[in-house]
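S.K.: My structure file upload_21.cif, mmCIF, C-alpha atoms, is below:
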```cif
data_target
loop_
_atom_site.label_atom_id
_atom_site.label_comp_id
_atom_site.auth_asym_id
_atom_site.auth_seq_id
_atom_site.Cartn_x
_atom_site.Cartn_y
_atom_site.Cartn_z
CA ARG A 1 31.08 11.21 -4.18
CA THR A 2 32.17 7.68 -3.48
CA LEU A 3 31.48 8.09 0.24
CA LYS A 4 27.97 9.39 -0.50
CA LEU A 5 27.36 6.39 -2.72
CA LEU A 6 28.57 3.97 -0.03
CA ASP A 7 26.39 5.70 2.56
CA HIS A 8 23.42 5.28 0.24
CA VAL A 9 24.27 1.59 -0.28
CA ASP A 10 24.41 1.12 3.51
CA LEU A 11 21.02 2.81 3.88
CA ILE A 12 19.42 0.60 1.22
CA HIS A 13 20.98 -2.50 2.80
CA ALA A 14 19.45 -1.56 6.17
CA GLU A 15 16.05 -0.95 4.53
CA TYR A 16 16.30 -4.29 2.71
CA HIS A 17 16.73 -6.16 6.01
CA LYS A 18 14.14 -4.13 7.95
CA ARG A 19 11.48 -5.96 9.96
CA ILE A 20 8.19 -4.36 10.98
CA SER A 21 5.99 -5.76 13.75
CA THR A 22 2.58 -7.11 12.81
CA GLY A 23 0.84 -4.65 15.12
CA LEU A 24 2.49 -1.66 13.47
CA LEU A 25 1.73 -3.01 9.99
CA ASN A 26 -1.91 -3.47 10.89
CA THR A 27 -2.17 0.04 12.32
CA VAL A 28 -0.96 1.52 9.01
CA LEU A 29 -3.15 -0.92 7.06
CA LYS A 30 -6.28 0.09 9.00
CA GLU A 31 -5.49 3.80 8.50
CA ALA A 32 -5.05 3.20 4.76
CA MET A 33 -8.36 1.32 4.62
CA VAL A 34 -10.16 4.20 6.38
CA LEU A 35 -8.84 6.64 3.76
CA ASN A 36 -9.62 4.33 0.83
CA ALA A 37 -11.79 1.27 1.47
CA PRO A 38 -11.15 -1.96 -0.45
CA PRO A 39 -13.26 -2.17 -3.60
CA THR A 40 -16.40 -4.26 -3.86
CA ARG A 41 -17.05 -6.45 -6.84
CA LYS A 42 -20.36 -8.02 -7.88
CA GLY A 43 -21.85 -7.04 -4.53
CA ARG A 44 -19.16 -8.88 -2.58
CA VAL A 45 -17.20 -6.89 -0.03
CA VAL A 46 -13.52 -7.61 0.53
CA LYS A 47 -12.72 -7.62 4.23
CA VAL A 48 -9.00 -7.34 4.92
CA ASN A 49 -8.30 -9.06 8.24
CA TYR A 50 -4.60 -8.39 8.84
CA CYS A 51 -1.13 -8.23 7.34
CA SER A 52 2.12 -9.79 8.47
CA GLN A 53 5.72 -9.59 7.31
CA VAL A 54 6.89 -13.12 6.60
CA SER A 55 10.44 -12.38 5.52
CA ALA A 56 13.06 -9.70 5.16
CA ALA A 57 15.71 -9.50 2.44
CA PRO A 58 13.60 -8.93 0.36
CA PRO A 59 10.65 -7.71 2.44
CA LYS A 60 7.62 -9.94 1.87
CA PHE A 61 4.16 -9.35 3.30
CA VAL A 62 1.09 -11.56 3.46
CA ILE A 63 -2.34 -9.95 3.49
CA PHE A 64 -5.20 -12.09 4.80
CA CYS A 65 -8.74 -11.36 3.62
CA ASN A 66 -12.05 -13.09 2.92
CA HIS A 67 -11.95 -12.86 -0.91
CA PRO A 68 -8.32 -12.65 -2.12
CA GLU A 69 -9.33 -13.08 -5.75
CA LEU A 70 -11.30 -9.80 -5.56
CA LEU A 71 -8.42 -7.69 -4.23
CA HIS A 72 -7.21 -5.81 -7.31
CA PHE A 73 -3.48 -5.26 -7.93
CA SER A 74 -4.02 -1.49 -7.85
CA TYR A 75 -5.31 -1.71 -4.26
CA ILE A 76 -2.28 -3.81 -3.29
CA ARG A 77 -0.08 -1.14 -4.87
CA TYR A 78 -1.96 1.48 -2.80
CA ILE A 79 -1.15 -0.49 0.37
CA GLU A 80 2.48 -0.79 -0.75
CA ASN A 81 2.68 2.98 -1.18
CA LYS A 82 1.21 3.55 2.29
CA PHE A 83 3.78 1.13 3.77
CA ARG A 84 6.58 2.99 1.98
CA GLU A 85 5.26 6.31 3.35
CA ALA A 86 5.17 4.95 6.89
CA PHE A 87 8.25 2.71 7.01
CA GLY A 88 10.60 3.76 4.21
CA PHE A 89 11.90 0.71 2.34
CA GLU A 90 13.77 3.07 0.02
CA GLY A 91 15.27 1.27 -2.97
CA CYS A 92 13.81 -2.12 -2.02
CA PRO A 93 11.30 -4.26 -3.87
CA LEU A 94 8.31 -5.15 -1.70
CA THR A 95 6.48 -8.41 -2.34
CA PHE A 96 2.84 -8.93 -1.39
CA VAL A 97 0.93 -12.21 -1.26
CA VAL A 98 -2.82 -12.22 -0.66
CA ASN A 99 -4.27 -15.28 1.08
CA LYS A 100 -7.67 -16.29 2.33
CA LYS A 101 -7.92 -16.12 6.10
CA GLY A 102 -7.38 -19.59 7.50
CA ASP A 103 -5.06 -20.81 4.71
#
```
As structure tokens, what does this structure read like?
M.R.:
Amino acid sequence: RTLKLLDHVDLIHAEYHKRISTGLLNTVLKEAMVLNAPPTRKGRVVKVNYCSQVSAAPPKFVIFCNHPELLHFSYIRYIENKFREAFGFEGCPLTFVVNKKGD
């Protein structure tokens, strides 16, 4: 039992320090957006430009779009779930920051 626990701790530690390339992140992001497009609000369309991992331990991602204030937390959670499906990050908190492109 103790060895299984230590193996699990090692796995989570590796996931916590994992780095994903921007190109791979954007491929998964585009696929997620094809399946479920970002919501529109008051006739304004949110265009997500790209995503980048800015740090590991804990993993932190920055999403750049044209109207960050319109990107609802539920859509960010959807993107988080797609990233977890594609890359794992088992047992790790993922942090997302949404910025306007050019900031």
S.K.: Applied to this file, what does the PyMOL selection byres ((chain A and resi 31-34) around 10) return in terms of residues, put as a PyMOL selection string?
M.R.: chain A and resi 26-30+35-38+47-48+75+78-79+81-83
S.K.: Using only C-alpha atoms, please write the residues we just selected to a file, as a PDB file, keeping the file's coordinate frame.
M.R.:
```pdb
ATOM      1  CA  ASN A  26      -1.910  -3.470  10.890  1.00  0.00           C
ATOM      2  CA  THR A  27      -2.170   0.040  12.320  1.00  0.00           C
ATOM      3  CA  VAL A  28      -0.960   1.520   9.010  1.00  0.00           C
ATOM      4  CA  LEU A  29      -3.150  -0.920   7.060  1.00  0.00           C
ATOM      5  CA  LYS A  30      -6.280   0.090   9.000  1.00  0.00           C
ATOM      6  CA  LEU A  35      -8.840   6.640   3.760  1.00  0.00           C
ATOM      7  CA  ASN A  36      -9.620   4.330   0.830  1.00  0.00           C
ATOM      8  CA  ALA A  37     -11.790   1.270   1.470  1.00  0.00           C
ATOM      9  CA  PRO A  38     -11.150  -1.960  -0.450  1.00  0.00           C
ATOM     10  CA  LYS A  47     -12.720  -7.620   4.230  1.00  0.00           C
ATOM     11  CA  VAL A  48      -9.000  -7.340   4.920  1.00  0.00           C
ATOM     12  CA  TYR A  75      -5.310  -1.710  -4.260  1.00  0.00           C
ATOM     13  CA  TYR A  78      -1.960   1.480  -2.800  1.00  0.00           C
ATOM     14  CA  ILE A  79      -1.150  -0.490   0.370  1.00  0.00           C
ATOM     15  CA  ASN A  81       2.680   2.980  -1.180  1.00  0.00           C
ATOM     16  CA  LYS A  82       1.210   3.550   2.290  1.00  0.00           C
ATOM     17  CA  PHE A  83       3.780   1.130   3.770  1.00  0.00           C
TER      18      PHE A  83
END
```
S.K.: Between A:Gly102, A:Pro59, A:Asp10, A:Val97, which one has atoms that come closest to Arg84 of chain A, using only C-alpha atoms?
M.R.: A:Pro59
S.K.: Which of these residues is nearest to Glu69 of chain A, using all atoms listed in the file: A:Lys100, A:Lys42, A:Lys4, A:His13?
M.R.: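 Answer, going by the shortest atom-to-atom distance: A:Lys100.
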S.K.: Looking at A:Leu25, A:Thr2, A:Pro58, A:Leu70, which one is nearest to Asn99 of chain A, with distances taken over only C-alpha atoms?
M.R.: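 Smallest separation from Asn99 of chain A among the options: A:Leu70.
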S.K.: When distances are computed from all atoms listed in the file, which of A:Phe61, A:Leu3, A:His67, A:Leu24 shows the smallest separation from Phe87 of chain A?
M.R.: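 Under the stated criterion, the closest residue is A:Leu24.
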S.K.: Using all atoms listed in the file, which of the listed residues (A:Pro93, A:Val98, A:Arg1, A:Phe73) sits closest to Tyr16 of chain A?
M.R.: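 Comparing A:Pro93, A:Val98, A:Arg1, A:Phe73 against Tyr16 of chain A, the winner is A:Pro93.
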S.K.: Which protein, DNA or RNA residues have an atom at most 10 Å from (10.9, -2.9, -1.4), counting only C-alpha atoms? List them as a list of chain:residue names.
M.R.: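 Every polymer residue passing the test: A:Ile12, A:Glu15, A:Tyr16, A:His17, A:Lys18, A:Ala56, A:Ala57, A:Pro58, A:Pro59, A:Lys60, A:Glu80, A:Phe83, A:Arg84, A:Gly88, A:Phe89, A:Glu90, A:Gly91, A:Cys92, A:Pro93, A:Leu94, A:Thr95.
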S.K.: In Å, how far is it from atom CA of Gly23 of chain A to atom CA of Thr40 of chain A?
M.R.: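 According to the coordinates, atom CA of Gly23 of chain A and atom CA of Thr40 of chain A are separated by 25.6 Å.
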